[in-house]
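Engineer: Pasting model_0.cif below, which is mmCIF, C-alpha atoms.
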```cif
data_start
loop_
_atom_site.group_PDB
_atom_site.id
_atom_site.type_symbol
_atom_site.label_atom_id
_atom_site.label_comp_id
_atom_site.auth_asym_id
_atom_site.auth_seq_id
_atom_site.Cartn_x
_atom_site.Cartn_y
_atom_site.Cartn_z
ATOM 1 C CA MET A 114 117.451 145.423 23.108
ATOM 2 C CA PRO A 115 115.127 144.253 25.870
ATOM 3 C CA ARG A 116 115.392 146.260 29.051
ATOM 4 C CA PHE A 117 113.447 145.813 32.253
ATOM 5 C CA ARG A 118 113.420 147.704 35.556
ATOM 6 C CA THR A 119 111.236 147.256 38.592
ATOM 7 C CA VAL A 120 111.201 148.415 42.199
ATOM 8 C CA ARG A 121 109.349 146.329 44.766
ATOM 9 C CA ARG A 122 108.814 146.971 48.446
ATOM 10 C CA VAL A 123 109.330 143.803 50.464
ATOM 11 C CA ARG A 124 108.897 142.815 54.123
ATOM 12 C CA HIS A 125 112.563 141.998 54.673
ATOM 13 C CA SER A 126 115.637 144.059 55.461
ATOM 14 C CA ALA A 127 118.058 145.239 52.775
ATOM 15 C CA SER A 128 120.769 143.056 54.372
ATOM 16 C CA ASP A 129 118.579 139.952 54.224
ATOM 17 C CA MET A 130 117.589 140.583 50.602
ATOM 18 C CA PHE A 131 121.207 141.243 49.624
ATOM 19 C CA ALA A 132 122.245 137.927 51.209
ATOM 20 C CA LEU A 133 119.438 136.092 49.436
ATOM 21 C CA VAL A 134 120.392 137.429 45.979
ATOM 22 C CA ALA A 135 124.094 136.897 46.729
ATOM 23 C CA ASP A 136 123.386 133.191 47.370
ATOM 24 C CA MET A 137 123.738 132.382 43.671
ATOM 25 C CA GLU A 138 124.209 128.649 44.179
ATOM 26 C CA SER A 139 120.563 128.415 45.295
ATOM 27 C CA TYR A 140 119.149 129.958 42.106
ATOM 28 C CA PRO A 141 118.272 126.649 40.400
ATOM 29 C CA GLN A 142 115.811 126.001 43.249
ATOM 30 C CA PHE A 143 113.616 129.023 42.501
ATOM 31 C CA VAL A 144 114.795 131.352 39.696
ATOM 32 C CA PRO A 145 112.697 131.121 36.511
ATOM 33 C CA LEU A 146 114.519 129.368 33.622
ATOM 34 C CA CYS A 147 117.680 128.731 35.731
ATOM 35 C CA THR A 148 118.540 125.039 35.444
ATOM 36 C CA ALA A 149 122.063 125.192 36.922
ATOM 37 C CA LEU A 150 124.523 127.677 38.394
ATOM 38 C CA ARG A 151 128.169 127.179 39.253
ATOM 39 C CA VAL A 152 130.427 129.762 40.874
ATOM 40 C CA ARG A 153 133.810 129.226 39.222
ATOM 41 C CA LYS A 154 135.793 131.765 41.222
ATOM 42 C CA ARG A 155 135.388 134.034 44.273
ATOM 43 C CA GLU A 156 137.657 136.646 45.737
ATOM 44 C CA THR A 157 137.266 139.438 48.247
ATOM 45 C CA ARG A 158 139.034 142.721 47.641
ATOM 46 C CA GLU A 159 140.659 144.754 50.437
ATOM 47 C CA ASP A 160 137.617 147.054 50.535
ATOM 48 C CA GLY A 161 135.377 144.053 51.354
ATOM 49 C CA VAL A 162 133.725 143.906 47.927
ATOM 50 C CA GLU A 163 133.391 140.330 46.694
ATOM 51 C CA ILE A 164 133.899 139.439 43.038
ATOM 52 C CA ALA A 165 132.587 136.142 41.680
ATOM 53 C CA VAL A 166 132.637 134.549 38.257
ATOM 54 C CA ALA A 167 129.496 132.488 37.759
ATOM 55 C CA GLU A 168 128.237 130.247 34.996
ATOM 56 C CA MET A 169 124.468 129.968 34.669
ATOM 57 C CA GLU A 170 122.556 127.524 32.540
ATOM 58 C CA VAL A 171 119.106 128.589 31.440
ATOM 59 C CA GLY A 172 116.623 126.544 29.543
ATOM 60 C CA TYR A 173 113.124 125.813 28.512
ATOM 61 C CA LYS A 174 112.089 122.453 27.074
ATOM 62 C CA ALA A 175 114.817 121.389 24.583
ATOM 63 C CA ILE A 176 116.601 124.769 24.505
ATOM 64 C CA ARG A 177 119.614 125.156 26.828
ATOM 65 C CA GLU A 178 122.146 127.981 26.922
ATOM 66 C CA ARG A 179 125.050 128.780 29.253
ATOM 67 C CA PHE A 180 126.555 132.132 29.971
ATOM 68 C CA THR A 181 129.277 133.458 32.241
ATOM 69 C CA THR A 182 129.147 136.665 34.268
ATOM 70 C CA ARG A 183 131.285 138.652 36.687
ATOM 71 C CA VAL A 184 129.254 139.408 39.798
ATOM 72 C CA THR A 185 130.311 142.291 42.047
ATOM 73 C CA LEU A 186 128.769 142.015 45.510
ATOM 74 C CA ASP A 187 129.075 145.262 47.472
ATOM 75 C CA ARG A 188 127.558 144.445 50.860
ATOM 76 C CA ALA A 189 128.258 147.930 52.305
ATOM 77 C CA LYS A 190 126.258 149.597 49.514
ATOM 78 C CA HIS A 191 123.679 146.783 49.286
ATOM 79 C CA GLU A 192 124.324 146.568 45.563
ATOM 80 C CA ILE A 193 125.001 143.679 43.184
ATOM 81 C CA LEU A 194 126.272 144.294 39.665
ATOM 82 C CA VAL A 195 126.324 141.547 37.046
ATOM 83 C CA GLU A 196 128.521 141.975 33.958
ATOM 84 C CA TYR A 197 128.506 139.685 30.952
ATOM 85 C CA ILE A 198 131.646 137.723 30.060
ATOM 86 C CA ASP A 199 130.677 134.987 27.595
ATOM 87 C CA GLY A 200 127.712 133.152 26.103
ATOM 88 C CA PRO A 201 124.777 133.712 23.760
ATOM 89 C CA PHE A 202 124.344 137.431 24.390
ATOM 90 C CA ALA A 203 125.761 140.421 22.546
ATOM 91 C CA TYR A 204 125.683 142.058 25.987
ATOM 92 C CA LEU A 205 123.973 141.742 29.357
ATOM 93 C CA LYS A 206 123.943 144.185 32.261
ATOM 94 C CA ASN A 207 122.101 143.478 35.485
ATOM 95 C CA ARG A 208 121.942 145.428 38.749
ATOM 96 C CA TRP A 209 120.237 144.873 42.085
ATOM 97 C CA ARG A 210 119.934 147.620 44.732
ATOM 98 C CA PHE A 211 118.458 147.175 48.188
ATOM 99 C CA THR A 212 117.405 150.203 50.236
ATOM 100 C CA ASP A 213 116.083 149.994 53.793
ATOM 101 C CA ALA A 214 112.609 151.524 54.006
ATOM 102 C CA GLY A 215 111.778 151.016 57.667
ATOM 103 C CA GLU A 216 112.112 148.216 60.182
ATOM 104 C CA LYS A 217 112.211 144.888 58.284
ATOM 105 C CA LEU A 218 111.221 146.656 55.034
ATOM 106 C CA CYS A 219 113.228 147.482 51.958
ATOM 107 C CA ALA A 220 112.929 148.564 48.370
ATOM 108 C CA VAL A 221 114.401 146.103 45.884
ATOM 109 C CA GLU A 222 115.417 147.578 42.547
ATOM 110 C CA PHE A 223 116.051 145.112 39.733
ATOM 111 C CA PHE A 224 117.386 146.281 36.367
ATOM 112 C CA ILE A 225 118.427 144.220 33.355
ATOM 113 C CA ASP A 226 119.438 145.198 29.833
ATOM 114 C CA TYR A 227 120.421 142.532 27.308
ATOM 115 C CA GLU A 228 120.471 141.480 23.689
ATOM 116 C CA PHE A 229 120.992 138.049 22.178
ATOM 117 C CA ARG A 230 123.896 137.710 19.757
ATOM 118 C CA SER A 231 121.776 135.632 17.360
ATOM 119 C CA ARG A 232 118.459 136.909 16.002
ATOM 120 C CA THR A 233 117.265 133.316 15.780
ATOM 121 C CA LEU A 234 117.992 132.630 19.450
ATOM 122 C CA GLY A 235 116.468 135.999 20.335
ATOM 123 C CA ALA A 236 113.299 135.009 18.482
ATOM 124 C CA LEU A 237 113.217 131.585 20.172
ATOM 125 C CA MET A 238 114.019 132.674 23.723
ATOM 126 C CA GLY A 239 113.289 136.399 23.774
ATOM 127 C CA ALA A 240 109.657 136.201 24.905
ATOM 128 C CA MET A 241 110.525 133.570 27.536
ATOM 129 C CA PHE A 242 113.366 135.701 28.903
ATOM 130 C CA ASP A 243 111.185 138.801 29.004
ATOM 131 C CA ASN A 244 108.510 136.902 30.902
ATOM 132 C CA ALA A 245 111.056 135.311 33.287
ATOM 133 C CA PHE A 246 112.762 138.638 34.060
ATOM 134 C CA ARG A 247 109.389 140.167 34.903
ATOM 135 C CA LYS A 248 108.951 137.366 37.451
ATOM 136 C CA PHE A 249 112.474 137.593 38.964
ATOM 137 C CA SER A 250 111.681 140.079 41.718
ATOM 138 C CA GLU A 251 108.574 138.150 42.702
ATOM 139 C CA ALA A 252 110.547 134.870 42.776
ATOM 140 C CA PHE A 253 113.161 136.409 45.100
ATOM 141 C CA GLU A 254 110.476 137.901 47.336
ATOM 142 C CA GLN A 255 108.746 134.522 47.639
ATOM 143 C CA ARG A 256 112.092 132.883 48.378
ATOM 144 C CA ALA A 257 112.775 135.484 51.103
ATOM 145 C CA ASP A 258 109.400 134.725 52.690
ATOM 146 C CA ARG A 259 110.328 131.019 52.798
ATOM 147 C CA VAL A 260 113.868 131.602 54.105
ATOM 148 C CA TYR A 261 113.224 134.441 56.580
ATOM 149 C CA GLY A 262 109.515 133.980 57.288
ATOM 150 C CA VAL A 263 106.656 136.329 56.530
ATOM 151 C CA ALA A 264 106.709 139.510 58.622
#
```
Could you write out this file's structure as structure tokens?
Structural biologist:
Amino acid sequence: MPRFRTVRRVRHSASDMFALVADMESYPQFVPLCTALRVRKRETREDGVEIAVAEMEVGYKAIRERFTTRVTLDRAKHEILVEYIDGPFAYLKNRWRFTDAGEKLCAVEFFIDYEFRSRTLGALMGAMFDNAFRKFSEAFEQRADRVYGVA
């Protein structure tokens, strides 16, 4: 049951970082192990919260896996919740929180908890996933610097 949590302080606003993480279609350009991402459905509830169903393909060398998640984007709370629907995991929970920490500064909290359904796949991809998840926050921060400029 790998679990990872980190909080990073970045030189961008919570709104900018939320928008960057919410831009799921761009993930293949910079997210470790992400080879493709397709948003299959989007809807906005009356309270302004957006719900998306996304299919992500991850891979390394000859190994490729796809999984589907429900992504809840709560712009007012600067929070993104990712819930597992289907794929190679027994379960996957992922949460992003963005908290303003001054002018053009915010704290980015990234949390993920997952387990592969197959022990064999877990053995093959587990170390790669652990390493990639540890690099996620850094990848998003570097992307923010490219998109919004370095403060």
Engineer: Would you kindly return, as a ChimeraX atom specification, each protein, DNA or RNA residue with an atom no farther than 7 Å from any atom of stretch 249-263 of chain A, considering all atoms listed in the file and excluding same-chain residues fewer than 5 positions away?
Structural biologist: /A:123,133,143-145,223
Engineer: Those same residues - C-alpha atoms - I'd like them written as a PDB file, in the coordinates of the input.
Structural biologist:
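Generated output (result-v9.pdb):
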```
ATOM      1  CA  VAL A 123     109.330 143.803  50.464  1.00  0.00           C
ATOM      2  CA  LEU A 133     119.438 136.092  49.436  1.00  0.00           C
ATOM      3  CA  PHE A 143     113.616 129.023  42.501  1.00  0.00           C
ATOM      4  CA  VAL A 144     114.795 131.352  39.696  1.00  0.00           C
ATOM      5  CA  PRO A 145     112.697 131.121  36.511  1.00  0.00           C
ATOM      6  CA  PHE A 223     116.051 145.112  39.733  1.00  0.00           C
TER       7      PHE A 223
END
```
Engineer: On this structure, which residues satisfy the PyMOL selection byres ((chain A and resi 191) around 10), written as a list in words?
Structural biologist: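 On this input, the PyMOL selection byres ((chain A and resi 191) around 10) captures Ala127, Ser128, Asp129, Met130, Phe131, Ala132, Leu186, Asp187, Arg188, Ala189, Lys190, Glu192, Ile193, Trp209, Arg210, Phe211, Thr212, Asp213 and Val221 of chain A.
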Engineer: Would you pick out the contacts of A:Glu138 at 10 Å or less, using all atoms listed in the file, so that residues sharing its chain but fewer than 4 positions from it are not included, and give the list as a PyMOL selection string?
Structural biologist: chain A and resi 134+142+149-152+167+169
Engineer: Starting from the point (119.8, 127.5, 28.1), work out which residues of protein, DNA or RNA have an atom no more than 10 Å away when counting only C-alpha atoms; state them as number ranges by chain.
Structural biologist: A: 146-149, 169-180, 200-201, 238
Engineer: With all atoms listed in the file as the atoms that count, which of A:Ala220, A:Ala245, A:Ile164, A:Ile198 lies nearest to A:Thr119?
Structural biologist: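 Checking each candidate against A:Thr119, we get A:Ala220 as the closest.
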Engineer: Enter the distance from atom CA of A:His125 to atom CA of A:Leu218, in Å, rounded to one decimal.
Structural biologist: 4.9 Å
Engineer: To one decimal place in Å, what is the distance between atom CA of A:Lys206 and atom CA of A:Pro115?
Structural biologist: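 Separating atom CA of A:Lys206 from atom CA of A:Pro115 is a distance of 10.9 Å.
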Engineer: Looking at all atoms listed in the file, which of A:Arg153, A:Arg183, A:Lys248, A:Arg118 is the one that sits closest to A:Phe224?
Structural biologist: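 For A:Phe224, the nearest of the candidates is A:Arg118.
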Engineer: What's the 9 Å shell around A:Asn207, counting only C-alpha atoms, without same-chain residues fewer than 3 positions away, as a short mmCIF file (atom, residue, chain, number, x, y, z; two decimals) with C-alpha atoms, in the coordinates of the input?
Structural biologist:
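Contents of result.cif, as written:
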```
data_model
loop_
_atom_site.label_atom_id
_atom_site.label_comp_id
_atom_site.auth_asym_id
_atom_site.auth_seq_id
_atom_site.Cartn_x
_atom_site.Cartn_y
_atom_site.Cartn_z
CA ILE A 193 125.00 143.68 43.18
CA LEU A 194 126.27 144.29 39.66
CA VAL A 195 126.32 141.55 37.05
CA GLU A 196 128.52 141.98 33.96
CA TYR A 197 128.51 139.68 30.95
CA PHE A 223 116.05 145.11 39.73
CA PHE A 224 117.39 146.28 36.37
CA ILE A 225 118.43 144.22 33.35
CA ASP A 226 119.44 145.20 29.83
CA TYR A 227 120.42 142.53 27.31
#
```
